[in-house]
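Enquirer: Data: data-v1.pdb, PDB, C-alpha atoms.
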```
ATOM      1  CA  MET A1462      30.454  -7.196   2.060
ATOM      2  CA  VAL A1463      28.443  -9.532  -0.209
ATOM      3  CA  ASP A1464      26.375 -10.788   2.723
ATOM      4  CA  LEU A1465      25.824  -7.225   3.913
ATOM      5  CA  VAL A1466      24.480  -6.257   0.502
ATOM      6  CA  PHE A1467      22.103  -9.229   0.574
ATOM      7  CA  CYS A1468      20.941  -8.312   4.071
ATOM      8  CA  ALA A1469      20.413  -4.674   3.092
ATOM      9  CA  LEU A1470      18.399  -5.689   0.026
ATOM     10  CA  PHE A1471      16.359  -8.253   1.962
ATOM     11  CA  PRO A1472      16.291  -7.039   5.594
ATOM     12  CA  PHE A1473      13.497  -9.510   6.395
ATOM     13  CA  SER A1474      15.799 -12.457   5.587
ATOM     14  CA  GLU A1475      17.245 -14.954   8.040
ATOM     15  CA  LYS A1476      20.717 -13.720   7.125
ATOM     16  CA  ALA A1477      19.724 -10.211   8.166
ATOM     17  CA  ARG A1478      18.285 -11.553  11.406
ATOM     18  CA  ASP A1479      21.524 -13.431  12.114
ATOM     19  CA  PHE A1480      23.499 -10.250  11.439
ATOM     20  CA  LEU A1481      21.401  -8.311  13.943
ATOM     21  CA  LYS A1482      21.900 -10.993  16.579
ATOM     22  CA  GLU A1483      25.659 -10.884  16.074
ATOM     23  CA  LYS A1484      25.609  -7.081  16.116
ATOM     24  CA  ASN A1485      23.636  -7.203  19.387
ATOM     25  CA  VAL A1486      21.823  -3.924  18.650
ATOM     26  CA  ALA A1487      20.405  -2.152  21.707
ATOM     27  CA  LEU A1488      16.800  -1.285  20.827
ATOM     28  CA  ASP A1489      16.612   1.524  23.348
ATOM     29  CA  ASN A1490      19.679   3.225  21.897
ATOM     30  CA  ILE A1491      19.182   3.376  18.125
ATOM     31  CA  PRO A1492      21.279   6.192  16.527
ATOM     32  CA  ASP A1493      19.305   9.193  15.229
ATOM     33  CA  HIS A1494      20.491   8.704  11.637
ATOM     34  CA  VAL A1495      19.107   5.149  11.672
ATOM     35  CA  VAL A1496      15.771   6.379  13.057
ATOM     36  CA  LYS A1497      15.639   8.988  10.271
ATOM     37  CA  ARG A1498      16.249   6.283   7.691
ATOM     38  CA  ALA A1499      13.479   4.167   9.218
ATOM     39  CA  ALA A1500      11.144   7.190   9.155
ATOM     40  CA  LEU A1501      11.973   7.737   5.475
ATOM     41  CA  MET A1502      11.136   4.101   4.752
ATOM     42  CA  ILE A1503       7.772   4.492   6.497
ATOM     43  CA  SER A1504       7.038   7.773   4.693
ATOM     44  CA  ARG A1505       7.838   6.271   1.282
ATOM     45  CA  ALA A1506       5.643   3.286   2.064
ATOM     46  CA  ASN A1507       2.740   5.487   3.145
ATOM     47  CA  SER A1508       2.996   7.530  -0.072
ATOM     48  CA  ALA A1509       3.481   4.421  -2.271
ATOM     49  CA  GLN A1510       6.871   5.696  -3.436
ATOM     50  CA  ASP A1511      10.020   3.723  -4.176
ATOM     51  CA  TYR A1512      12.597   3.265  -1.458
ATOM     52  CA  LYS A1513      16.121   2.617  -2.731
ATOM     53  CA  ILE A1514      19.567   2.224  -1.235
ATOM     54  CA  ASP A1515      23.019   2.820  -2.680
ATOM     55  CA  LEU A1516      24.745  -0.573  -2.844
ATOM     56  CA  SER A1517      28.112   1.012  -3.647
ATOM     57  CA  THR A1518      28.218   2.735  -0.284
ATOM     58  CA  THR A1519      30.297   1.942   2.824
ATOM     59  CA  ARG A1520      29.947  -0.963   5.206
ATOM     60  CA  ASP A1521      28.639   1.335   7.957
ATOM     61  CA  VAL A1522      25.858   2.668   5.747
ATOM     62  CA  LEU A1523      24.788  -0.852   4.759
ATOM     63  CA  GLU A1524      24.775  -1.913   8.412
ATOM     64  CA  ASN A1525      22.630   1.097   9.309
ATOM     65  CA  GLU A1526      20.242   0.192   6.489
ATOM     66  CA  ILE A1527      19.806  -3.306   7.925
ATOM     67  CA  ILE A1528      19.129  -1.919  11.415
ATOM     68  CA  ALA A1529      16.638   0.628  10.004
ATOM     69  CA  PHE A1530      14.257  -2.168   8.966
ATOM     70  CA  PRO A1531      13.451  -3.565  12.446
ATOM     71  CA  THR A1532      13.497   0.028  13.714
ATOM     72  CA  ALA A1533      10.753   0.870  11.203
ATOM     73  CA  LYS A1534       8.761  -2.176  12.339
ATOM     74  CA  LEU A1535       8.944  -1.056  15.967
ATOM     75  CA  ILE A1536       7.791   2.462  15.061
ATOM     76  CA  ILE A1537       4.980   1.205  12.811
ATOM     77  CA  SER A1538       3.689  -1.054  15.583
ATOM     78  CA  SER A1539       3.219   2.056  17.750
ATOM     79  CA  MET A1540       1.613   4.241  15.058
ATOM     80  CA  LYS A1541      -2.032   5.176  14.473
ATOM     81  CA  THR A1542      -1.836   6.095  10.756
ATOM     82  CA  PRO A1543      -4.470   3.970   8.920
ATOM     83  CA  ASN A1544      -3.120   0.997   6.932
ATOM     84  CA  VAL A1545       0.516   1.853   7.579
ATOM     85  CA  ILE A1546       1.326  -1.845   8.144
ATOM     86  CA  GLU A1547      -0.298  -2.877   4.858
ATOM     87  CA  LYS A1548       1.518  -0.119   2.994
ATOM     88  CA  PHE A1549       4.849  -1.015   4.590
ATOM     89  CA  CYS A1550       4.458  -4.666   3.610
ATOM     90  CA  SER A1551       3.485  -3.636   0.077
ATOM     91  CA  LEU A1552       6.661  -1.546  -0.140
ATOM     92  CA  ILE A1553       8.725  -4.608   0.812
ATOM     93  CA  ARG A1554       6.897  -6.733  -1.769
ATOM     94  CA  LYS A1555       7.408  -4.257  -4.597
ATOM     95  CA  ARG A1556      10.997  -3.488  -3.664
ATOM     96  CA  THR A1557      11.873  -7.205  -3.433
ATOM     97  CA  PHE A1558      10.413  -7.896  -6.863
ATOM     98  CA  ASP A1559      12.132  -4.882  -8.433
ATOM     99  CA  VAL A1560      15.493  -5.880  -6.957
ATOM    100  CA  LEU A1561      15.177  -9.474  -8.122
ATOM    101  CA  VAL A1562      14.202  -8.741 -11.722
ATOM    102  CA  SER A1563      16.469  -5.737 -12.265
ATOM    103  CA  SER A1564      19.661  -7.294 -10.942
ATOM    104  CA  GLU A1565      22.388  -8.337 -13.387
ATOM    105  CA  SER A1566      22.586 -11.598 -11.429
ATOM    106  CA  SER A1567      18.809 -12.028 -11.180
ATOM    107  CA  LYS A1568      18.874 -15.822 -11.298
ATOM    108  CA  GLU A1569      21.495 -16.214  -8.570
ATOM    109  CA  LEU A1570      19.764 -13.626  -6.370
ATOM    110  CA  CYS A1571      16.406 -15.411  -6.702
ATOM    111  CA  PHE A1572      17.921 -18.731  -5.707
ATOM    112  CA  SER A1573      19.815 -17.163  -2.793
ATOM    113  CA  LEU A1574      16.600 -15.666  -1.430
ATOM    114  CA  ALA A1575      14.738 -18.948  -2.005
ATOM    115  CA  ASP A1576      17.444 -20.751  -0.034
ATOM    116  CA  ASP A1577      17.101 -18.209   2.751
ATOM    117  CA  PHE A1578      13.364 -19.001   2.826
ATOM    118  CA  ALA A1579      14.355 -22.706   3.044
ATOM    119  CA  LEU A1580      12.269 -23.509  -0.038
ATOM    120  CA  ALA A1581      12.568 -26.853  -1.807
ATOM    121  CA  TYR A1582      12.703 -26.269  -5.564
ATOM    122  CA  THR A1583      14.133 -27.807  -8.712
ATOM    123  CA  ILE A1584      15.443 -26.115 -11.852
ATOM    124  CA  SER A1585      14.950 -27.069 -15.481
ATOM    125  CA  GLU A1586      16.870 -25.276 -18.240
ATOM    126  CA  LYS A1587      15.964 -27.194 -21.430
ATOM    127  CA  ASP A1588      14.441 -24.524 -23.652
ATOM    128  CA  ILE A1589      13.739 -21.894 -21.069
ATOM    129  CA  LEU A1590      14.582 -21.749 -17.382
ATOM    130  CA  ARG A1591      11.772 -23.139 -15.272
ATOM    131  CA  VAL A1592      11.546 -23.430 -11.516
ATOM    132  CA  GLU A1593       9.417 -26.248 -10.111
ATOM    133  CA  LEU A1594       7.918 -25.586  -6.708
ATOM    134  CA  LYS A1595       5.754 -27.832  -4.559
ATOM    135  CA  LEU A1596       2.088 -26.863  -4.817
ATOM    136  CA  ILE A1597       1.708 -26.745  -1.039
ATOM    137  CA  ASP A1598       4.614 -24.257  -0.815
ATOM    138  CA  TYR A1599       3.163 -22.103  -3.567
ATOM    139  CA  LEU A1600      -0.204 -21.960  -1.823
ATOM    140  CA  GLY A1601       1.530 -20.576   1.268
ATOM    141  CA  ILE A1602       1.462 -16.993  -0.063
ATOM    142  CA  ASP A1603      -1.442 -14.524   0.175
ATOM    143  CA  PHE A1604      -1.786 -13.897  -3.587
ATOM    144  CA  VAL A1605      -1.859 -10.126  -3.193
ATOM    145  CA  ASP A1606      -0.948  -9.780  -6.865
ATOM    146  CA  ASP A1607      -3.322 -11.223  -9.512
ATOM    147  CA  GLU A1608      -0.325 -12.329 -11.566
ATOM    148  CA  SER A1609       0.578 -14.793  -8.807
ATOM    149  CA  LYS A1610      -2.794 -16.542  -8.594
ATOM    150  CA  LEU A1611      -2.660 -20.282  -9.201
ATOM    151  CA  ILE A1612      -5.260 -20.093 -11.971
ATOM    152  CA  ASN A1613      -2.677 -18.224 -14.065
ATOM    153  CA  LYS A1614       0.054 -20.828 -13.519
ATOM    154  CA  HIS A1615       0.917 -24.232 -15.003
ATOM    155  CA  VAL A1616       0.615 -27.129 -12.543
ATOM    156  CA  ARG A1617       2.007 -30.606 -13.172
ATOM    157  CA  GLY A1618       2.436 -33.575 -10.859
ATOM    158  CA  GLY A1619       1.754 -31.609  -7.702
ATOM    159  CA  LYS A1620       4.252 -28.923  -8.676
ATOM    160  CA  VAL A1621       3.872 -25.383  -9.991
ATOM    161  CA  LEU A1622       6.062 -24.502 -12.996
ATOM    162  CA  LEU A1623       7.357 -20.945 -12.909
ATOM    163  CA  THR A1624       9.457 -18.770 -15.174
ATOM    164  CA  LEU A1625      12.242 -16.852 -13.453
ATOM    165  CA  ASN A1626      10.038 -13.745 -13.486
ATOM    166  CA  ASP A1627       7.166 -15.719 -11.932
ATOM    167  CA  PHE A1628       9.558 -17.104  -9.325
ATOM    168  CA  ALA A1629      10.706 -13.585  -8.457
ATOM    169  CA  ARG A1630       7.082 -12.531  -8.070
ATOM    170  CA  PHE A1631       6.410 -15.519  -5.799
ATOM    171  CA  LEU A1632       9.439 -14.663  -3.654
ATOM    172  CA  SER A1633       8.253 -11.057  -3.333
ATOM    173  CA  GLU A1634       4.819 -12.297  -2.198
ATOM    174  CA  LYS A1635       6.617 -14.589   0.252
ATOM    175  CA  ALA A1636       8.491 -11.561   1.608
ATOM    176  CA  TYR A1637       5.197  -9.645   1.900
ATOM    177  CA  LYS A1638       3.610 -12.436   3.944
ATOM    178  CA  LYS A1639       6.643 -12.909   6.177
ATOM    179  CA  VAL A1640       6.714  -9.224   7.113
ATOM    180  CA  LYS A1641       2.918  -9.013   7.420
ATOM    181  CA  ASP A1642       2.837 -11.994   9.780
ATOM    182  CA  SER A1643       5.459 -10.341  11.998
ATOM    183  CA  LEU A1644       3.419  -7.147  12.518
ATOM    184  CA  PRO A1645       2.322  -5.509  14.684
ATOM    185  CA  ILE A1646       4.927  -6.245  17.322
ATOM    186  CA  ASP A1647       3.533  -6.710  20.831
ATOM    187  CA  LYS A1648       3.688  -3.290  22.477
ATOM    188  CA  LYS A1649       4.959  -4.874  25.685
ATOM    189  CA  ARG A1650       8.170  -5.669  23.810
ATOM    190  CA  ILE A1651       8.599  -2.160  22.396
ATOM    191  CA  PRO A1652      10.744   0.386  24.295
ATOM    192  CA  LYS A1653       8.868   3.590  25.171
ATOM    193  CA  VAL A1654      11.102   5.691  22.931
ATOM    194  CA  PHE A1655       9.433   4.214  19.852
ATOM    195  CA  GLU A1656       6.067   5.537  21.006
ATOM    196  CA  VAL A1657       7.646   8.981  20.982
ATOM    197  CA  TYR A1658       8.874   8.451  17.417
ATOM    198  CA  ALA A1659       5.414   7.229  16.388
ATOM    199  CA  ARG A1660       3.663  10.267  17.889
ATOM    200  CA  SER A1661       6.038  12.482  15.907
ATOM    201  CA  ILE A1662       5.654  10.663  12.572
ATOM    202  CA  ASP A1663       1.860  10.106  12.616
ATOM    203  CA  PRO A1664       0.844  13.801  12.224
ATOM    204  CA  GLN A1665       3.601  14.436   9.665
ATOM    205  CA  LEU A1666       2.292  11.625   7.458
ATOM    206  CA  ALA A1667      -1.255  12.964   7.789
ATOM    207  CA  VAL A1668      -0.160  16.407   6.546
ATOM    208  CA  ILE A1669       1.878  14.943   3.661
ATOM    209  CA  GLU A1670      -0.937  12.589   2.650
ATOM    210  CA  LYS A1671      -3.537  15.361   2.615
ATOM    211  CA  LYS A1672      -1.256  17.645   0.598
ATOM    212  CA  ASN A1673      -0.462  14.937  -1.936
ATOM    213  CA  PHE A1674      -4.085  13.926  -2.294
ATOM    214  CA  ASP A1675      -5.292  17.513  -2.690
ATOM    215  CA  LEU A1676      -2.710  18.050  -5.429
ATOM    216  CA  ARG A1677      -3.926  14.964  -7.268
ATOM    217  CA  VAL A1678      -7.522  16.149  -7.471
ATOM    218  CA  THR A1679      -6.956  19.898  -7.984
ATOM    219  CA  GLY A1680      -8.151  21.039 -11.393
ATOM    220  CA  LYS A1681     -10.076  17.836 -12.038
ATOM    221  CA  VAL A1682     -12.531  17.317  -9.212
ATOM    222  CA  ASP A1683     -13.595  19.886  -6.635
ATOM    223  CA  PRO A1684     -14.727  18.209  -3.382
ATOM    224  CA  GLU A1685     -15.996  21.584  -2.108
ATOM    225  CA  LEU A1686     -18.782  21.344  -4.696
ATOM    226  CA  PHE A1687     -19.966  17.890  -3.608
ATOM    227  CA  PRO A1688     -23.524  17.658  -2.239
ATOM    228  CA  PRO A1689     -23.655  17.434   1.589
ATOM    229  CA  CYS A1690     -24.217  13.655   1.753
ATOM    230  CA  ILE A1691     -21.304  12.894  -0.597
ATOM    231  CA  LYS A1692     -19.058  15.504   1.031
ATOM    232  CA  THR A1693     -19.650  13.859   4.421
ATOM    233  CA  LEU A1694     -18.673  10.446   3.031
ATOM    234  CA  TYR A1695     -15.658  11.948   1.290
ATOM    235  CA  VAL A1696     -14.412  13.758   4.408
ATOM    236  CA  ASP A1697     -14.917  10.655   6.570
ATOM    237  CA  GLN A1698     -13.100   8.466   4.036
ATOM    238  CA  THR A1699     -10.241  10.969   3.738
ATOM    239  CA  ALA A1700      -9.915  10.906   7.536
ATOM    240  CA  GLY A1701      -9.589   7.119   7.492
ATOM    241  CA  LYS A1702     -12.957   6.371   9.118
ATOM    242  CA  LYS A1703     -14.660   3.043   8.482
ATOM    243  CA  LEU A1704     -17.598   3.409   6.072
ATOM    244  CA  SER A1705     -20.298   0.842   5.439
ATOM    245  CA  HIS A1706     -20.137  -1.181   2.229
ATOM    246  CA  MET A1707     -23.032   0.757   0.708
ATOM    247  CA  ALA A1708     -21.473   4.098   1.687
ATOM    248  CA  ARG A1709     -18.305   3.081  -0.159
ATOM    249  CA  VAL A1710     -20.271   2.037  -3.236
ATOM    250  CA  VAL A1711     -22.149   5.349  -3.282
ATOM    251  CA  LEU A1712     -18.959   7.383  -2.870
ATOM    252  CA  ALA A1713     -16.909   5.386  -5.406
ATOM    253  CA  SER A1714     -19.630   5.470  -8.068
ATOM    254  CA  PHE A1715     -20.084   9.227  -7.583
ATOM    255  CA  LEU A1716     -16.337   9.823  -7.895
ATOM    256  CA  PHE A1717     -16.348   7.766 -11.086
ATOM    257  CA  GLN A1718     -19.128   9.950 -12.479
ATOM    258  CA  VAL A1719     -17.274  13.184 -11.760
ATOM    259  CA  ASN A1720     -14.230  11.772 -13.594
ATOM    260  CA  MET A1721     -11.866  11.265 -10.707
ATOM    261  CA  PRO A1722      -9.021   9.033 -12.022
ATOM    262  CA  LYS A1723      -9.216   5.432 -10.847
ATOM    263  CA  GLN A1724      -5.797   5.601  -9.173
ATOM    264  CA  ASP A1725      -7.017   8.545  -7.078
ATOM    265  CA  VAL A1726     -10.176   6.669  -6.075
ATOM    266  CA  SER A1727      -7.988   3.714  -5.078
ATOM    267  CA  ALA A1728      -5.679   6.012  -3.102
ATOM    268  CA  LEU A1729      -8.678   7.434  -1.247
ATOM    269  CA  PHE A1730     -10.070   4.020  -0.289
ATOM    270  CA  ALA A1731      -6.625   2.836   0.795
ATOM    271  CA  LYS A1732      -7.235   5.017   3.863
ATOM    272  CA  SER A1733      -9.920   2.629   5.152
ATOM    273  CA  PRO A1734      -8.987   1.034   8.495
ATOM    274  CA  ASP A1735      -9.999  -2.410   7.139
ATOM    275  CA  TYR A1736      -8.343  -1.863   3.745
ATOM    276  CA  LYS A1737      -7.551  -4.983   1.722
ATOM    277  CA  LYS A1738      -5.997  -4.066  -1.604
ATOM    278  CA  HIS A1739      -7.304  -6.996  -3.638
ATOM    279  CA  LEU A1740     -10.915  -6.478  -2.471
ATOM    280  CA  ALA A1741     -10.821  -2.696  -2.914
ATOM    281  CA  ASP A1742      -9.301  -3.026  -6.401
ATOM    282  CA  TYR A1743     -11.959  -5.580  -7.374
ATOM    283  CA  HIS A1744     -14.890  -3.332  -6.398
ATOM    284  CA  ILE A1745     -13.357  -0.154  -7.850
ATOM    285  CA  ASP A1746     -12.463  -1.903 -11.129
ATOM    286  CA  ARG A1747     -16.030  -3.203 -11.369
ATOM    287  CA  ILE A1748     -17.503   0.280 -10.909
ATOM    288  CA  PHE A1749     -15.246   1.719 -13.617
ATOM    289  CA  GLN A1750     -15.703  -1.198 -16.023
ATOM    290  CA  LYS A1751     -19.489  -1.410 -15.631
ATOM    291  CA  LYS A1752     -19.734   2.407 -15.531
ATOM    292  CA  PHE A1753     -21.950   2.396 -12.461
ATOM    293  CA  SER A1754     -23.709   5.644 -11.664
ATOM    294  CA  ALA A1755     -24.321   6.920  -8.155
ATOM    295  CA  PRO A1756     -27.815   6.233  -6.781
ATOM    296  CA  ALA A1757     -30.449   8.980  -6.734
ATOM    297  CA  CYS A1758     -31.025  11.071  -3.614
ATOM    298  CA  LYS A1759     -34.080   8.990  -2.687
ATOM    299  CA  LYS A1760     -31.978   5.815  -2.594
ATOM    300  CA  ILE A1761     -29.197   7.532  -0.667
ATOM    301  CA  ALA A1762     -31.792   8.506   1.953
ATOM    302  CA  GLU A1763     -33.041   4.893   2.078
ATOM    303  CA  PHE A1764     -29.464   3.743   2.692
ATOM    304  CA  GLY A1765     -29.372   6.034   5.732
ATOM    305  CA  LEU A1766     -26.688   8.245   4.192
ATOM    306  CA  LYS A1767     -28.667  11.478   4.016
ATOM    307  CA  VAL A1768     -27.389  14.249   6.325
ATOM    308  CA  LYS A1769     -29.238  17.205   7.856
ATOM    309  CA  GLU A1770     -27.487  19.679   5.531
ATOM    310  CA  CYS A1771     -29.234  17.996   2.596
ATOM    311  CA  GLU A1772     -32.569  19.512   3.666
ATOM    312  CA  LYS A1773     -31.119  23.038   3.654
ATOM    313  CA  GLU A1774     -28.806  22.957   0.635
ATOM    314  CA  CYS A1775     -29.996  20.320  -1.825
ATOM    315  CA  THR A1776     -33.041  20.720  -4.086
ATOM    316  CA  TYR A1777     -31.919  18.126  -6.643
ATOM    317  CA  THR A1778     -32.949  14.507  -7.171
ATOM    318  CA  HIS A1779     -29.459  13.205  -7.909
ATOM    319  CA  PRO A1780     -26.064  14.094  -6.365
ATOM    320  CA  LEU A1781     -24.472  14.506  -9.805
ATOM    321  CA  ARG A1782     -27.007  17.204 -10.748
ATOM    322  CA  TYR A1783     -26.082  19.108  -7.587
ATOM    323  CA  TYR A1784     -22.375  18.895  -8.434
ATOM    324  CA  LEU A1785     -22.816  19.950 -12.074
ATOM    325  CA  ALA A1786     -25.000  22.894 -11.053
ATOM    326  CA  LYS A1787     -22.393  24.066  -8.541
ATOM    327  CA  MET A1788     -19.652  23.568 -11.124
ATOM    328  CA  ARG A1789     -21.498  25.704 -13.697
ATOM    329  CA  MET A1790     -22.033  28.405 -11.094
ATOM    330  CA  LYS A1791     -18.328  28.351 -10.198
ATOM    331  CA  ASN A1792     -17.341  28.663 -13.873
ATOM    332  CA  LYS A1793     -19.705  31.597 -14.387
ATOM    333  CA  MET A1794     -18.127  33.415 -11.467
ATOM    334  CA  LYS A1795     -14.676  32.804 -12.958
ATOM    335  CA  ASN A1796     -15.762  34.160 -16.323
ATOM    336  CA  LYS A1797     -17.195  37.306 -14.716
ATOM    337  CA  LYS A1798     -13.905  37.997 -12.978
ATOM    338  CA  VAL A1799     -11.995  37.535 -16.232
ATOM    339  CA  ASN A1800     -14.336  39.900 -18.120
TER     340      ASN A1800
END
```
Translate this structure into structure tokens?
Expert:
Amino acid sequence: MVDLVFCALFPFSEKARDFLKEKNVALDNIPDHVVKRAALMISRANSAQDYKIDLSTTRDVLENEIIAFPTAKLIISSMKTPNVIEKFCSLIRKRTFDVLVSSESSKELCFSLADDFALAYTISEKDILRVELKLIDYLGIDFVDDESKLINKHVRGGKVLLTLNDFARFLSEKAYKKVKDSLPIDKKRIPKVFEVYARSIDPQLAVIEKKNFDLRVTGKVDPELFPPCIKTLYVDQTAGKKLSHMARVVLASFLFQVNMPKQDVSALFAKSPDYKKHLADYHIDRIFQKKFSAPACKKIAEFGLKVKECEKECTYTHPLRYYLAKMRMKNKMKNKKVN
């Protein structure tokens, strides 16, 4: 049961892979309840929500949990939802870190996972527990999280010195990279039934994502009042279309000016088909920190972002003036109805 718990917690591990080989799971005959669990995992990943399992449950449930992971990978590889692979890998990274640091046997669990990764490490417990890792091994991760970057770590004699918490973070980044490198699975190796699952899940995620995003901005920002050029960028970005760099800058700076929360701006740009979290976060953070304002209408036209509706609807020189004017008009109408 102990190994099953480990495999359920870390389904990307070699132990989990060995279990699946021994179980000899037929990919074209996955039970419905396992498919549902895989779909839940994908949904939670797409919505950036936690995905947890009950470790006190039965052996059968733990086994199903282990099988749900490769099932989810097969479905994801057949899906069209933007960035679903990146989001799935991020879920694994976050979940791995949370499990490692929250466990009552955190130290033992970290070392067990490190052994599964076949990492060479040494332990020092003089004043505080330190894990020494070869520099070349440490540089093998993608550094998705700023906390993991080498510049923030102590290096000595070709080795990186890590606290247990740092080690857990490194292992979670290692898990992220291992899963990311394994996706997408070659479609030639995927049974047709998983394409059916993917076609069912894709539209459901789109509806959930739109509903969740609309709820986040309701009462704060009203996209219906955006000027035509900004509304076009916003709609395209919401639909997961690829915008030019300048289009993204214009949209992000405008959303900053109309007081959309940074996490909502980040959630919107996570829909980009070429989304890379660390790059998106860098540019969005810079806009919010430097308090960049959106360019004037003349500049937007020079960038080739003006749309034909601008000629009919917009008489302003700056997109923010258009939005504020529409907002005042909307508030006046509300007040008239109240009176």
Enquirer: Could you build a table of the residues in range 1702-1768 of chain A lying no more than 12 Å from range 1658-1670 of chain A, giving for each the nearest pair of atoms and their separation in Å rounded to one decimal place, using all atoms listed in the file, ordered by chain and ascending residue number, as a tab-separated table?
Expert:
```
residue	atom	partner	partner_atom	distance
A:Ala1728	CA	A:Glu1670	CA	9.9
A:Leu1729	CA	A:Glu1670	CA	10.1
A:Ala1731	CA	A:Glu1670	CA	11.4
A:Lys1732	CA	A:Glu1670	CA	9.9
```
Enquirer: Skipping near chain neighbours, those fewer than 3 positions away, what residues fall within 12 Å of Glu1772 in chain A using all atoms listed in the file, listed as number ranges by chain?
Expert: A: 1688-1690, 1758, 1762, 1767-1769, 1775-1778
Enquirer: Please determine, counting only C-alpha atoms, which residue among A:Asn1544, A:Gln1510, A:Ser1517, A:Ser1727 has the shortest atom-to-atom distance to Lys1641 in chain A.
Expert: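 That would be A:Asn1544, the residue with the smallest distance to Lys1641 in chain A.
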Enquirer: Taking the file as I've supplied it (selection: the PyMOL selection byres ((chain A and resi 1628) around 10)), which residues are included? Please answer as a list in words.
Expert: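 That selection, the PyMOL selection byres ((chain A and resi 1628) around 10), comes back as Phe1558, Leu1561, Val1562, Lys1568, Cys1571, Phe1572, Ala1575, Arg1591, Val1592, Glu1593, Leu1594, Tyr1599, Ser1609, Leu1622, Leu1623, Thr1624, Leu1625, Asn1626, Asp1627, Ala1629, Arg1630, Phe1631, Leu1632, Ser1633 and Glu1634 of chain A.
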Enquirer: What does the distance from CA of Tyr1637 in chain A to CA of Ser1551 in chain A come to in Å, to one decimal?
Expert: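 Between CA of Tyr1637 in chain A and CA of Ser1551 in chain A the gap works out to 6.5 Å.
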Enquirer: What separation in Å, quoted to one decimal, exists between CA of Arg1498 in chain A and CA of Val1640 in chain A?
Expert: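 Interatomic distance, CA of Arg1498 in chain A to CA of Val1640 in chain A: 18.2 Å.
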Enquirer: So that I can check the surroundings of range 1476-1493 of chain A, please list as number ranges by chain every protein, DNA and RNA residue that reaches within 12 Å of it, counting only C-alpha atoms and ignoring chain neighbours fewer than 6 positions away.
Expert: A: 1463-1470, 1499-1500, 1523-1536, 1573-1574, 1576-1579, 1650-1658
